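One structure below.
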Amino acid sequence: MKKKKLKKKRWLGLLLALIILIGIWIYWGNTTILVRTIKVVDSKIPEEFNGFKIVHVSDLHNYDWKDQLINKIRKSNPDIIAITGDIIDSRTPDEYISLDFIKRAKEIAPIYYVTGNHEARHHNYKKLKSDMEILGVKVLKNDSVYLEKNNSNINLLGLDDANFSTGKDNGKILNDHLSDMKDDFYGYKILLAHRPEFFQIYKNHNINLTLTGHAHGGQVRIPFLGGILAPGQGFFPKYDNGLYDEDGFKMIVSRGLGNSVIPIRVNNNPDLIIIELFDN
C-alpha cells in the first residue's frame with residue numbers, strides 16, 4: 001500500500017513539474033520577441049543596395065512592448081522600417097500605444113506603412129492615419145515610392161487592405177489595385193501587403209519581394225507541421241511564417257508582434273524580421 005502511495009506521489013510530482021515547465025514555456029513564448037535575419041539574394045537587386053536592411057514589423061495589435069521592441073529595432077540599425085498592417089486592434093483600439101511606438105521608431109529609420117483588416121474596421125482610422133503622417137510616416141495607399149542609393153532605385157509599393165473597398169472578392173480587389181499601380185519601371189520591386197494568402201496575385205504582377213503578416217504564425221505551431229490556423233487560409237495554412245520562394249518570386253511572412261481574437265500563442269514567439277538585400 002505504501003509503495004502504491006509513493007508511486008502515485010511521484011507521478012503527481014512529475015505531472016506538476018511538467019505543468020509548470022509548460023507554463024513557463026508558454027509565458028516566455030508570449031513575452032519574448034525573437035529576432036530573425038533573412039537574407040534575400042536576387043540578381044535584380046542593384047549593387048548599390050547590397051546590405052540594405054529592412055526591419056519588418058507586423059500585427060502589433062496595440063501591444064505595448066515597452067523598450068523591448070524599440071531596443072531590438074535600434075540594435076539592428078535598419079535603413080527603413082516597413083509596417084504591414086494591424087498596428088491597432090479594432091476590438092480594443094488604443095491609438096496612444098501605436099503612436100508612441102511610431103514616435104520612437106521614426107527616430108531610428110524612415111517608416112513605410114500599409115493598412116491591415118483591423119485598420120479597416122477601426123472607427124477612427126482617418127485620424128490615426130493623419131497622426132502618423134504628421135509624425136513622418138509614409139502611408140502607402142495603393143501607390144509607390146522609389147528608394148534611392150547612388151542613382152540606383154528600388155520601387156517600394158504598398159497595398160491598402162482589401163477591407164477598405166466594397167466587394168466580397170478580396171483577391172480581385174487587390175489584383176485591381178496592383179493593375180492600377182502599373183508603370184514602366186522594370187527594376188526590383190518590393191511590395192508591402194497585409195495578406196499572404198494572395199501570393200499568386202503578387203507573383204502575377206512581377207513583384208520580386210512581398211512582405212506580409214496577418215497569419216500570426218498559425219497561432220499554435222506544431223514541430224515539422226507548422227501553424228494550425230490562420231485568417232484567410234484556414235487550418236494548416238500554406239503561408240504562415242518566414243521566407244517563401246516560388247518561381248523566383250519571394251514572400252516573407254511575419255508571425256507578428258501581437259494577438260487579437262486568440263490571446264495566447266503556443267510554440268510561436270512574436271517575431272521581428274530583419275531583411276538584408278544582396279545582388280548575388
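Residue numbering restarts at 1 in every chain; chains get A, B, ... in the order shown in the C-alpha cells, and ligands count up from 1 in that same order.
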- Query: Counting only C-alpha atoms, what is within 9 Å of stretch 141-155 of chain A, bar same-chain residues fewer than 3 positions away, as a list in words?
  - Reply: Ile45, Pro46, Glu47, Glu48, Phe49, Tyr113, Val114, Thr115, Gly158, Leu159, Asp160, Asp161, His177, Leu178, Asp180, Met181, Phe185, Gly187, Tyr188, Lys189, Ile190 and Leu191 of chain A
Using the selection just defined, write its residues with C-alpha atoms as a CSV table (one decimal), in the first residue's frame.
chain,number,residue,atom,x,y,z
A,45,ILE,CA,18.8,44.0,-56.7
A,46,PRO,CA,21.0,46.9,-57.6
A,47,GLU,CA,24.6,46.5,-56.5
A,48,GLU,CA,24.3,49.8,-54.6
A,49,PHE,CA,21.7,48.2,-52.3
A,113,TYR,CA,3.3,51.6,-43.7
A,114,VAL,CA,0.3,49.8,-45.2
A,115,THR,CA,-3.0,49.0,-43.5
A,158,GLY,CA,2.0,49.4,-50.8
A,159,LEU,CA,-1.4,47.9,-50.9
A,160,ASP,CA,-4.3,49.2,-48.9
A,161,ASP,CA,-6.1,46.3,-47.2
A,177,HIS,CA,-5.2,47.8,-57.1
A,178,LEU,CA,-2.0,46.3,-58.4
A,180,ASP,CA,-3.9,50.4,-61.4
A,181,MET,CA,-0.4,50.8,-60.0
A,185,PHE,CA,9.6,50.6,-64.1
A,187,GLY,CA,13.7,47.2,-61.8
A,188,TYR,CA,13.5,45.5,-58.5
A,189,LYS,CA,10.1,45.8,-56.8
A,190,ILE,CA,9.2,45.3,-53.1
A,191,LEU,CA,5.5,45.2,-52.1
- All strand (DSSP E or B) positions in stretch 121-258 of chain A, as a PyMOL selection string: chain A and resi 138-139+143-149+152-158+189-192+209-212+220-222+226-227+229-230+234-235+242-246+249-253
Can you write just those residues out, C-alpha atoms, as a compact mmCIF listing (two decimals), in the first residue's frame?
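Contents of selection-v6.txt, freshly written:
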# COMPACT_ATOMS: atom_id res chain seq x y z
CA LYS A 138 4.82 57.37 -45.39
CA VAL A 139 1.42 55.70 -45.70
CA ASP A 143 0.79 53.74 -54.52
CA SER A 144 4.56 53.55 -54.52
CA VAL A 145 7.79 55.40 -53.84
CA TYR A 146 11.36 54.93 -55.01
CA LEU A 147 14.18 54.08 -52.65
CA GLU A 148 17.35 55.67 -54.00
CA LYS A 149 21.04 54.93 -53.47
CA SER A 152 20.01 53.35 -58.37
CA ASN A 153 16.38 52.67 -57.45
CA ILE A 154 14.12 50.09 -55.88
CA ASN A 155 10.37 50.52 -56.28
CA LEU A 156 8.53 50.16 -52.95
CA LEU A 157 4.79 49.58 -53.40
CA GLY A 158 2.04 49.42 -50.80
CA LYS A 189 10.09 45.76 -56.77
CA ILE A 190 9.17 45.28 -53.12
CA LEU A 191 5.52 45.17 -52.09
CA LEU A 192 4.10 45.81 -48.62
CA LEU A 209 9.68 40.52 -52.91
CA THR A 210 6.48 40.84 -50.90
CA LEU A 211 6.34 41.49 -47.13
CA THR A 212 3.18 40.39 -45.32
CA VAL A 220 -0.19 27.42 -32.43
CA ARG A 221 2.82 25.83 -34.14
CA ILE A 222 3.45 22.09 -34.24
CA GLY A 226 3.80 24.45 -38.88
CA GLY A 227 0.89 26.64 -37.85
CA LEU A 229 -4.90 28.14 -38.11
CA ALA A 230 -4.58 31.46 -39.94
CA GLY A 234 -7.99 28.20 -42.50
CA PHE A 235 -6.40 25.13 -40.95
CA GLY A 242 9.22 33.09 -42.92
CA LEU A 243 10.52 33.09 -46.48
CA TYR A 244 8.72 31.53 -49.47
CA ASP A 245 10.26 31.34 -52.93
CA GLU A 246 8.13 30.35 -55.91
CA PHE A 249 9.40 35.45 -56.65
CA LYS A 250 9.78 35.74 -52.89
CA MET A 251 7.43 36.49 -49.99
CA ILE A 252 8.28 36.93 -46.31
CA VAL A 253 5.51 36.34 -43.77
- Message: When DSSP is applied to the backbone of this structure, which of stretch 96-204 of chain A are assigned alpha helix (DSSP H)? Write them out as a ChimeraX atom specification.
- Response: /A:96-105,117-121,125-134,170-180,199-204
Contact residues around A:Ile102 with only C-alpha atoms at 10 Å, ignoring same-chain residues under 6 positions, as a PDB file with all heavy atoms, in the first residue's frame:
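Generated file (out.pdb):
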ATOM      1  N   ILE A  70      11.618  48.445 -29.350  1.00  0.00           N
ATOM      2  CA  ILE A  70      12.432  49.569 -29.837  1.00  0.00           C
ATOM      3  C   ILE A  70      13.916  49.253 -29.736  1.00  0.00           C
ATOM      4  O   ILE A  70      14.698  49.544 -30.650  1.00  0.00           O
ATOM      5  CB  ILE A  70      12.088  50.849 -29.061  1.00  0.00           C
ATOM      6  CG1 ILE A  70      10.720  51.381 -29.496  1.00  0.00           C
ATOM      7  CG2 ILE A  70      13.153  51.914 -29.261  1.00  0.00           C
ATOM      8  CD1 ILE A  70      10.654  51.841 -30.946  1.00  0.00           C
ATOM      9  N   ILE A  87      -1.564  47.657 -36.953  1.00  0.00           N
ATOM     10  CA  ILE A  87      -0.810  48.306 -35.879  1.00  0.00           C
ATOM     11  C   ILE A  87      -1.715  48.537 -34.672  1.00  0.00           C
ATOM     12  O   ILE A  87      -1.257  48.641 -33.541  1.00  0.00           O
ATOM     13  CB  ILE A  87      -0.189  49.638 -36.374  1.00  0.00           C
ATOM     14  CG1 ILE A  87       0.894  50.115 -35.395  1.00  0.00           C
ATOM     15  CG2 ILE A  87      -1.249  50.699 -36.587  1.00  0.00           C
ATOM     16  CD1 ILE A  87       1.699  51.284 -35.912  1.00  0.00           C
ATOM     17  N   TYR A  96      -2.844  55.565 -28.595  1.00  0.00           N
ATOM     18  CA  TYR A  96      -1.691  56.090 -27.871  1.00  0.00           C
ATOM     19  C   TYR A  96      -0.506  55.126 -27.973  1.00  0.00           C
ATOM     20  O   TYR A  96       0.625  55.544 -28.224  1.00  0.00           O
ATOM     21  CB  TYR A  96      -2.037  56.341 -26.400  1.00  0.00           C
ATOM     22  CG  TYR A  96      -0.816  56.732 -25.594  1.00  0.00           C
ATOM     23  CD1 TYR A  96      -0.342  58.045 -25.607  1.00  0.00           C
ATOM     24  CD2 TYR A  96      -0.120  55.785 -24.836  1.00  0.00           C
ATOM     25  CE1 TYR A  96       0.794  58.412 -24.886  1.00  0.00           C
ATOM     26  CE2 TYR A  96       1.018  56.132 -24.118  1.00  0.00           C
ATOM     27  CZ  TYR A  96       1.465  57.442 -24.154  1.00  0.00           C
ATOM     28  OH  TYR A  96       2.590  57.793 -23.452  1.00  0.00           O
ATOM     29  N   ILE A 111       9.879  55.323 -41.877  1.00  0.00           N
ATOM     30  CA  ILE A 111       8.837  54.307 -41.735  1.00  0.00           C
ATOM     31  C   ILE A 111       7.908  54.329 -42.947  1.00  0.00           C
ATOM     32  O   ILE A 111       7.410  55.390 -43.347  1.00  0.00           O
ATOM     33  CB  ILE A 111       8.011  54.531 -40.453  1.00  0.00           C
ATOM     34  CG1 ILE A 111       8.911  54.445 -39.215  1.00  0.00           C
ATOM     35  CG2 ILE A 111       6.881  53.512 -40.352  1.00  0.00           C
ATOM     36  CD1 ILE A 111       8.192  54.795 -37.925  1.00  0.00           C
ATOM     37  N   ASP A 131      -2.446  61.349 -37.900  1.00  0.00           N
ATOM     38  CA  ASP A 131      -1.441  61.494 -36.839  1.00  0.00           C
ATOM     39  C   ASP A 131      -0.120  60.837 -37.231  1.00  0.00           C
ATOM     40  O   ASP A 131       0.960  61.374 -36.943  1.00  0.00           O
ATOM     41  CB  ASP A 131      -1.961  60.884 -35.533  1.00  0.00           C
ATOM     42  CG  ASP A 131      -3.075  61.700 -34.900  1.00  0.00           C
ATOM     43  OD1 ASP A 131      -3.209  62.893 -35.258  1.00  0.00           O
ATOM     44  OD2 ASP A 131      -3.814  61.151 -34.060  1.00  0.00           O
ATOM     45  N   MET A 132      -0.197  59.673 -37.885  1.00  0.00           N
ATOM     46  CA  MET A 132       1.033  59.008 -38.318  1.00  0.00           C
ATOM     47  C   MET A 132       1.751  59.826 -39.386  1.00  0.00           C
ATOM     48  O   MET A 132       2.983  59.951 -39.371  1.00  0.00           O
ATOM     49  CB  MET A 132       0.718  57.595 -38.830  1.00  0.00           C
ATOM     50  CG  MET A 132       0.371  56.608 -37.731  1.00  0.00           C
ATOM     51  SD  MET A 132       0.383  54.878 -38.283  1.00  0.00           S
ATOM     52  CE  MET A 132      -1.003  54.885 -39.414  1.00  0.00           C
ATOM     53  N   LEU A 135       3.657  62.616 -38.027  1.00  0.00           N
ATOM     54  CA  LEU A 135       4.902  62.156 -37.414  1.00  0.00           C
ATOM     55  C   LEU A 135       5.955  61.756 -38.458  1.00  0.00           C
ATOM     56  O   LEU A 135       7.096  61.448 -38.104  1.00  0.00           O
ATOM     57  CB  LEU A 135       4.619  60.960 -36.499  1.00  0.00           C
ATOM     58  CG  LEU A 135       3.864  61.277 -35.197  1.00  0.00           C
ATOM     59  CD1 LEU A 135       3.467  59.992 -34.492  1.00  0.00           C
ATOM     60  CD2 LEU A 135       4.717  62.146 -34.289  1.00  0.00           C
ATOM     61  N   GLY A 136       5.566  61.768 -39.728  1.00  0.00           N
ATOM     62  CA  GLY A 136       6.535  61.490 -40.781  1.00  0.00           C
ATOM     63  C   GLY A 136       6.429  60.125 -41.420  1.00  0.00           C
ATOM     64  O   GLY A 136       7.270  59.757 -42.259  1.00  0.00           O
ATOM     65  N   VAL A 137       5.408  59.341 -41.061  1.00  0.00           N
ATOM     66  CA  VAL A 137       5.223  58.018 -41.665  1.00  0.00           C
ATOM     67  C   VAL A 137       4.730  58.171 -43.106  1.00  0.00           C
ATOM     68  O   VAL A 137       3.830  58.970 -43.380  1.00  0.00           O
ATOM     69  CB  VAL A 137       4.206  57.180 -40.862  1.00  0.00           C
ATOM     70  CG1 VAL A 137       3.920  55.858 -41.559  1.00  0.00           C
ATOM     71  CG2 VAL A 137       4.725  56.940 -39.458  1.00  0.00           C
TER      72      VAL A 137
END
- A:Asp67 surroundings by only C-alpha atoms, 12 Å radius, close-in-sequence under 6 positions cut, as an MDAnalysis selection string: chainID A and resid 32:33 73:75 100:101 104:105
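With only C-alpha atoms as the basis for measurement, A:Lys106 is the residue among A:Arg195, A:Lys172, A:Lys106, A:Lys9 that approaches A:Ile134 most closely.
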- Message: Report, in Å with one decimal, the straight-line distance from atom CA of A:Ile275 to atom CA of A:Ile262.
- Response: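 Atom CA of A:Ile262 lies 27.8 Å from atom CA of A:Ile275.
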- Item | For A:Ser43: contacts at 7 Å, only C-alpha atoms, fewer than 2 positions along chain excluded, given as a PyMOL selection string | chain A and resi 41+45+279-280
For the residues in that selection, give me N, CA, C and O atoms as a tab-separated table (two decimals), in the first residue's frame.
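File produced: part.tsv:
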chain	number	residue	atom	x	y	z
A	41	VAL	N	18.57	37.20	-51.73
A	41	VAL	CA	19.55	37.31	-52.80
A	41	VAL	C	18.82	37.27	-54.14
A	41	VAL	O	18.05	36.36	-54.42
A	45	ILE	N	18.52	42.93	-57.73
A	45	ILE	CA	18.77	43.97	-56.73
A	45	ILE	C	19.98	44.79	-57.16
A	45	ILE	O	21.04	44.23	-57.45
A	279	ASP	N	22.74	41.39	-54.14
A	279	ASP	CA	22.51	41.18	-55.58
A	279	ASP	C	23.01	39.84	-56.08
A	279	ASP	O	22.68	39.43	-57.19
A	280	ASN	N	23.81	39.12	-55.29
A	280	ASN	CA	24.23	37.76	-55.69
A	280	ASN	C	24.87	37.06	-54.51
A	280	ASN	O	25.02	37.62	-53.45
- Task: Considering only C-alpha atoms, return as a list in words whatever protein or nucleic-acid residues lie within 12 Å of A:His122, sequence-local ones (same chain, fewer than 4 positions apart) excluded.
- Result: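 Near A:His122, the qualifying residues are His61, Asp86, Ile87, Ile88, Asp89, Ser90, Arg91, Thr92, Pro93, Asp94, Glu95, Thr115, Gly116, Asn117, His118, Lys126, Lys127, Leu128, Lys129, Asn163 and Phe164 of chain A.
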- Task: Find the residue from A:Ser254, A:Leu12, A:Pro110, A:Thr84 that sits nearest to A:Ile274; use only C-alpha atoms when measuring.
- Result: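 Residue with the minimum atom-to-atom distance to A:Ile274: A:Ser254.
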- Query: Pick from A:Leu60, A:Leu277, A:Ile264, A:Asn170: nearest to A:Gly232, with only C-alpha atoms counted?
  - Reply: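 Ranking A:Leu60, A:Leu277, A:Ile264, A:Asn170 by distance to A:Gly232, first place goes to A:Asn170.
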- Task: Check the smallest atom-to-atom distance from each of A:Phe224, A:Phe198, A:Tyr27, A:Phe52 to A:Phe278 using only C-alpha atoms, then report the winner.
- Result: A:Phe52
- Within 9 Å of A:Ile26 using only C-alpha atoms, minus same-chain residues under 6 positions, as a PyMOL selection string: chain A and resi 264-268
- Item | Straight-line distance linking atom CA of A:Asn259 with atom CA of A:Leu16, stated in Å to one decimal | 28.0 Å
- Item | Atom pair atom CA of A:Leu34 / atom CA of A:Ile19: separation (Å) |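 Between atom CA of A:Leu34 and atom CA of A:Ile19 the gap works out to 23.7 Å.
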